[in-house]
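Enquirer: Next up is a structure, given as structure tokens.
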2 protein chains.
Amino acid sequence: MVFMKTDLEMDRDLSKQIADAIRNSIIDGGLIVDQRLPSEAELCDQFGVSRPTVREALKRLAAQNLIRTQRGATGGAFVNRMSFEEAYGQQITTSTLLLSMNEVDFETACEARYAMERACVALSAQRRTADQLATMRAEIHRQSQPGLTDEAFCASDVAFHRALVDGAGNPVLSYQLAGAVEATQPLMNMITFSARSREAIVALHGRIADAIEAGDGGAADVALADLSTYTLTLAEQVRAARAARLPQN
Amino acid sequence: MVFMKTDLEMDRDLSKQIADAIRNSIIDGGLIVDQRLPSEAELCDQFGVSRPTVREALKRLAAQNLIRTQRGATGGAFVNRMSFEEAYGQQITTSTLLLSMNEVDFETACEARYAMERACVALSAQRRTADQLATMRAEIHRQSQPGLTDEAFCASDVAFHRALVDGAGNPVLSYQLAGAVEATQPLMNMITFSARSREAIVALHGRIADAIEAGDGGAADVALADLSTYTLTLAEQVRAARAARLPQN
DNA sequence: AAAAACCATTTGTCAGACATTTGAAGTTGT
DNA sequence: ACAACTTCAAATGTCTGACAAATGGTTTTT
């Protein structure tokens, strides 16, 4: 097993170079899933570096879920299968950090999320399972119960939309949307939902579920567009109220 | 600066625990962008571990682009701003690995990609800049030139679609779509585009560009749907031809 | 006052050692 | 012959101590 070194070694971070070399081997198929990497000692010899350096490289790969390590006689580092579950997690943390650190405004995040979600509803109307529809109905019921905290309401909202997205029956779509839906939740949490606005949202969710149940993708799309518009209206109201409270500064 | 340890320490990988503690501090805002982390020696004291262990933790975070390190007197580890550029990169590698290692079939990946792309075209028709439209036209022109390798044709295809997506003027959408578009390129590369199929694709691209230029989102959506259908047809032909060549096994 | 030399701080790397886990080979008892 | 136990070797996890290299600040010299 031989790893390629990049031609331009302008990078003097050895552990990064080694990590990149191994990652490239994984990506281009030189190392396949569940294959065992050489032991740390062998990697030391191959790259001509010390064990701590090799270990730092392996930890970089482990942080990206590209490999897993196992102790013991038959242990070592093994190439991970990138599961959809792990990809969900990475997608969500990346999206969350991106939104929080770049101060993406609510409108932009919302627009992106609903635009992609509308790409799913037509498929969802055709393919959703009875189970997914039941989940949507259950979440709608939960949302209509009084005394729910804003956080619980938002969490139910996320569950509803994930069921809607999963209804498309396309795992790649679900994976992509997971990040978008979850990452916008912290922004949604900043909106205080009045009893009346909750009623309106529940009604819109009901319209979506009805359309999905009837297999009417067009109606579901319209309902989702209405929900998007209403969400933006709510955000606008919240911002106006906040501005009124703090007239200057 | 104090880091929280998780209550259930069922994990006996110290470097992972430390990395998680610091990452949580970054996510929940305890550490803000460009803030300097304690030096490695200080972290050793705080967590009661040795320097290699702390370093492995820091390398994990560096692998996720959460921190950057700098040598020298005023050096150290600093919290990174998660730029859209870096997020693109992570999104693309994750998506690529996911598609290659889970053997997602062409139809599923294509469906997801075009579904999300259709979510952009309506916005793109309204907002695209003259620059983005020019990029689309330039790529179409390149695609129509004979003697192009399949790889170059696919690369131009990616550039065209990225310009189309960027036309929506929503960086979050661009970030999400980057992964979907780039990750499907390796699958696209497996299709050998005949001269006739290239002509058809260029014509469809032209229809899309025309609709975008006219601001007609509906027409652009129809054209993109046609492109999606045609791509799937091509894939089906390639598969049929391959099956005919290898009748058994 | 400007340039050079020096220094302290911090990360990058190395060598060697010990602890811990874990499967496999060998041993023993029935 | 088979099952249970013991031992062992391989591999990762961690620690100690040290030196190298980079880098900004400080001091000295011109």
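Residue names in the structure tokens use chain letters A, B, ... in the order shown, residue numbers from 1 in each chain, and ligand numbers from 1 in the order shown.
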Given a cut-off of 9 Å, which residues of chain A touch chain B, counting only C-alpha atoms, written out as number ranges by chain?
Expert: A: 15-16, 26-27, 32-33, 52, 55-64, 81-84, 87, 90-91, 93-102, 104, 108-109, 111-120, 170-174, 176-177, 179-180
Enquirer: Each residue of region 4-87 of chain A with at least one atom at most 10 Å from region 8-29 of chain C should appear once, together with its nearest atom pair and the corresponding distance in Å (one decimal); atoms considered: only C-alpha atoms (C1' of nucleotides); ordering: chain, then increasing residue number; output as JSON lines.
Expert:
```
{"residue": "A:Arg12", "atom": "CA", "partner": "C:DG12", "partner_atom": "C1'", "distance": 9.2}
{"residue": "A:Asp13", "atom": "CA", "partner": "C:DG12", "partner_atom": "C1'", "distance": 7.7}
{"residue": "A:Leu14", "atom": "CA", "partner": "C:DG12", "partner_atom": "C1'", "distance": 8.6}
{"residue": "A:Ser15", "atom": "CA", "partner": "C:DG12", "partner_atom": "C1'", "distance": 9.5}
{"residue": "A:Val49", "atom": "CA", "partner": "C:DC14", "partner_atom": "C1'", "distance": 8.2}
{"residue": "A:Ser50", "atom": "CA", "partner": "C:DC14", "partner_atom": "C1'", "distance": 6.0}
{"residue": "A:Arg51", "atom": "CA", "partner": "C:DC14", "partner_atom": "C1'", "distance": 8.5}
{"residue": "A:Pro52", "atom": "CA", "partner": "C:DT13", "partner_atom": "C1'", "distance": 8.2}
{"residue": "A:Thr53", "atom": "CA", "partner": "C:DT13", "partner_atom": "C1'", "distance": 7.2}
{"residue": "A:Gln70", "atom": "CA", "partner": "C:DT21", "partner_atom": "C1'", "distance": 9.0}
{"residue": "A:Arg71", "atom": "CA", "partner": "C:DT21", "partner_atom": "C1'", "distance": 5.7}
{"residue": "A:Gly72", "atom": "CA", "partner": "C:DT22", "partner_atom": "C1'", "distance": 4.1}
{"residue": "A:Ala73", "atom": "CA", "partner": "C:DT22", "partner_atom": "C1'", "distance": 5.4}
{"residue": "A:Thr74", "atom": "CA", "partner": "C:DG23", "partner_atom": "C1'", "distance": 6.2}
{"residue": "A:Gly75", "atom": "CA", "partner": "C:DT22", "partner_atom": "C1'", "distance": 7.9}
```
Enquirer: Please save C-alpha atoms of the selected residues as an mmCIF file, in the first residue's frame.
Expert:
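Contents of again-v8.cif, as written:
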```
data_model
loop_
_atom_site.group_PDB
_atom_site.id
_atom_site.type_symbol
_atom_site.label_atom_id
_atom_site.label_comp_id
_atom_site.auth_asym_id
_atom_site.auth_seq_id
_atom_site.Cartn_x
_atom_site.Cartn_y
_atom_site.Cartn_z
ATOM 1 C CA ARG A 12 5.030 22.293 6.020
ATOM 2 C CA ASP A 13 2.436 20.748 8.243
ATOM 3 C CA LEU A 14 3.444 17.123 8.076
ATOM 4 C CA SER A 15 0.390 15.719 9.786
ATOM 5 C CA VAL A 49 7.883 10.600 10.498
ATOM 6 C CA SER A 50 7.379 9.906 14.163
ATOM 7 C CA ARG A 51 4.395 8.276 15.727
ATOM 8 C CA PRO A 52 2.793 11.399 17.276
ATOM 9 C CA THR A 53 2.779 12.982 13.831
ATOM 10 C CA GLN A 70 -9.978 -0.151 17.290
ATOM 11 C CA ARG A 71 -7.604 -1.249 19.984
ATOM 12 C CA GLY A 72 -6.201 -4.664 20.548
ATOM 13 C CA ALA A 73 -4.379 -7.383 18.681
ATOM 14 C CA THR A 74 -6.485 -7.229 15.517
ATOM 15 C CA GLY A 75 -7.094 -3.530 15.953
#
```
Enquirer: Hey, what does DSSP flag as strand (DSSP E) within region 8-246 of chain B? Can you give it to me as a list of chain:residue names?
Expert: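 Answer for region 8-246 of chain B, restricted to strand (DSSP E): B:Ile67, B:Arg68, B:Thr69, B:Gln70, B:Gly76, B:Ala77, B:Phe78, B:Val79.
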Enquirer: Given the selection you just returned, output its residues as a file containing C-alpha atoms, formatted as a PDB file, in the first residue's frame.
Expert:
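part-v8.pdb, freshly written:
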```
ATOM      1  CA  ILE B  67      -9.698  26.447  14.229  1.00  0.00           C
ATOM      2  CA  ARG B  68      -6.481  27.520  12.603  1.00  0.00           C
ATOM      3  CA  THR B  69      -3.045  27.483  14.234  1.00  0.00           C
ATOM      4  CA  GLN B  70      -0.193  29.915  13.976  1.00  0.00           C
ATOM      5  CA  GLY B  76      -1.734  29.838  19.003  1.00  0.00           C
ATOM      6  CA  ALA B  77      -5.025  28.385  17.939  1.00  0.00           C
ATOM      7  CA  PHE B  78      -7.743  30.737  16.776  1.00  0.00           C
ATOM      8  CA  VAL B  79     -11.421  30.186  16.116  1.00  0.00           C
TER       9      VAL B  79
END
```
Enquirer: Please identify the alpha helix (DSSP H) residues within region 1-247 of chain B (assignment by DSSP from backbone atoms) and present them as a PyMOL selection string.
Expert: chain B and resi 14-27+40-47+51-63+84-101+106-127+130-143+150-166+171-189+195-214+217-245
Enquirer: Near DA3 (chain C), within 12 Å and counting only C-alpha atoms (C1' of nucleotides), which residues show up once chain neighbours fewer than 2 positions away are dropped, as JSON, numbers by chain?
Expert: {"C": [1, 5], "D": [28, 29, 30]}
Enquirer: Grab the residues selected above and save them as a compact mmCIF listing (two decimals), in the first residue's frame with C-alpha atoms (C1' of nucleotides).
Expert:
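Everything below was put into result-v2.txt:
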```
# COMPACT_ATOMS: atom_id res chain seq x y z
C1' DA C 1 16.31 57.26 15.06
C1' DA C 5 20.92 41.22 17.46
C1' DT D 28 21.50 46.88 21.98
C1' DT D 29 24.33 48.97 18.65
C1' DT D 30 25.40 52.09 15.07
```
Enquirer: Which residues come within 10 Å of region 226-231 of chain B, counting only C-alpha atoms (C1' of nucleotides), excluding same-chain residues fewer than 2 positions away, as an MDAnalysis selection string?
Expert: chainID B and resid 106:107 110:111 113:115 118 188 191 197 200:205 207:208 220:224 233:237
Enquirer: Once you have the residues from the selection above, write them out as a PDB file, in the first residue's frame, restricted to C-alpha atoms.
Expert:
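Just written: part02.pdb:
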```pdb
ATOM      1  CA  PHE B 106     -27.752   7.389 -10.820  1.00  0.00           C
ATOM      2  CA  GLU B 107     -31.501   7.935 -10.831  1.00  0.00           C
ATOM      3  CA  CYS B 110     -30.009  12.844 -10.464  1.00  0.00           C
ATOM      4  CA  GLU B 111     -33.505  13.237  -9.129  1.00  0.00           C
ATOM      5  CA  ARG B 113     -29.973  17.225  -7.879  1.00  0.00           C
ATOM      6  CA  TYR B 114     -32.501  18.383 -10.436  1.00  0.00           C
ATOM      7  CA  ALA B 115     -35.253  18.704  -7.845  1.00  0.00           C
ATOM      8  CA  ARG B 118     -35.516  23.502 -10.032  1.00  0.00           C
ATOM      9  CA  MET B 188     -22.019  11.976 -15.046  1.00  0.00           C
ATOM     10  CA  ILE B 191     -21.779   8.512 -19.317  1.00  0.00           C
ATOM     11  CA  SER B 197     -26.544  13.747 -27.168  1.00  0.00           C
ATOM     12  CA  ALA B 200     -29.385  17.865 -27.419  1.00  0.00           C
ATOM     13  CA  ILE B 201     -27.953  18.939 -24.078  1.00  0.00           C
ATOM     14  CA  VAL B 202     -26.565  22.159 -25.509  1.00  0.00           C
ATOM     15  CA  ALA B 203     -29.979  22.901 -26.998  1.00  0.00           C
ATOM     16  CA  LEU B 204     -31.636  22.359 -23.625  1.00  0.00           C
ATOM     17  CA  HIS B 205     -29.063  24.561 -21.945  1.00  0.00           C
ATOM     18  CA  ARG B 207     -33.571  26.964 -23.729  1.00  0.00           C
ATOM     19  CA  ILE B 208     -32.791  27.400 -20.055  1.00  0.00           C
ATOM     20  CA  ALA B 220     -36.893  27.669 -17.309  1.00  0.00           C
ATOM     21  CA  ASP B 221     -38.442  25.140 -14.973  1.00  0.00           C
ATOM     22  CA  VAL B 222     -39.936  23.198 -17.893  1.00  0.00           C
ATOM     23  CA  ALA B 223     -36.629  23.230 -19.755  1.00  0.00           C
ATOM     24  CA  LEU B 224     -34.777  21.997 -16.687  1.00  0.00           C
ATOM     25  CA  THR B 233     -32.812   8.582 -20.732  1.00  0.00           C
ATOM     26  CA  LEU B 234     -29.142   8.764 -21.604  1.00  0.00           C
ATOM     27  CA  ALA B 235     -28.202   6.882 -18.463  1.00  0.00           C
ATOM     28  CA  GLU B 236     -30.740   4.236 -19.318  1.00  0.00           C
ATOM     29  CA  GLN B 237     -29.258   3.834 -22.803  1.00  0.00           C
TER      30      GLN B 237
END
```
Enquirer: Any idea which chain D residues end up within 6 Å of chain A if we count only C-alpha atoms (C1' of nucleotides), as a list in words please?
Expert: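 Every residue of chain D that passes the 6 Å test is in DA10, DA11 and DT12 of chain D.
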Enquirer: Please, what distance in Å, to one decimal, runs between CA of Gly215 (chain B) and CA of Gln126 (chain B)?
Expert: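 For CA of Gly215 (chain B) relative to CA of Gln126 (chain B), the distance reads 5.5 Å.
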Enquirer: Measuring between only C-alpha atoms (C1' of nucleotides), which one of A:Val238, A:Thr184, A:Ala214, A:Gly48 shows the shortest distance to chain C?
Expert: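 Smallest separation from chain C among the options: A:Gly48.
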Enquirer: For chain C, which residue among A:Cys44, A:Asn189, A:Cys154, A:Ala163 is the nearest when counting only C-alpha atoms (C1' of nucleotides)?
Expert: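 Checking each candidate against chain C, we get A:Cys44 as the closest.
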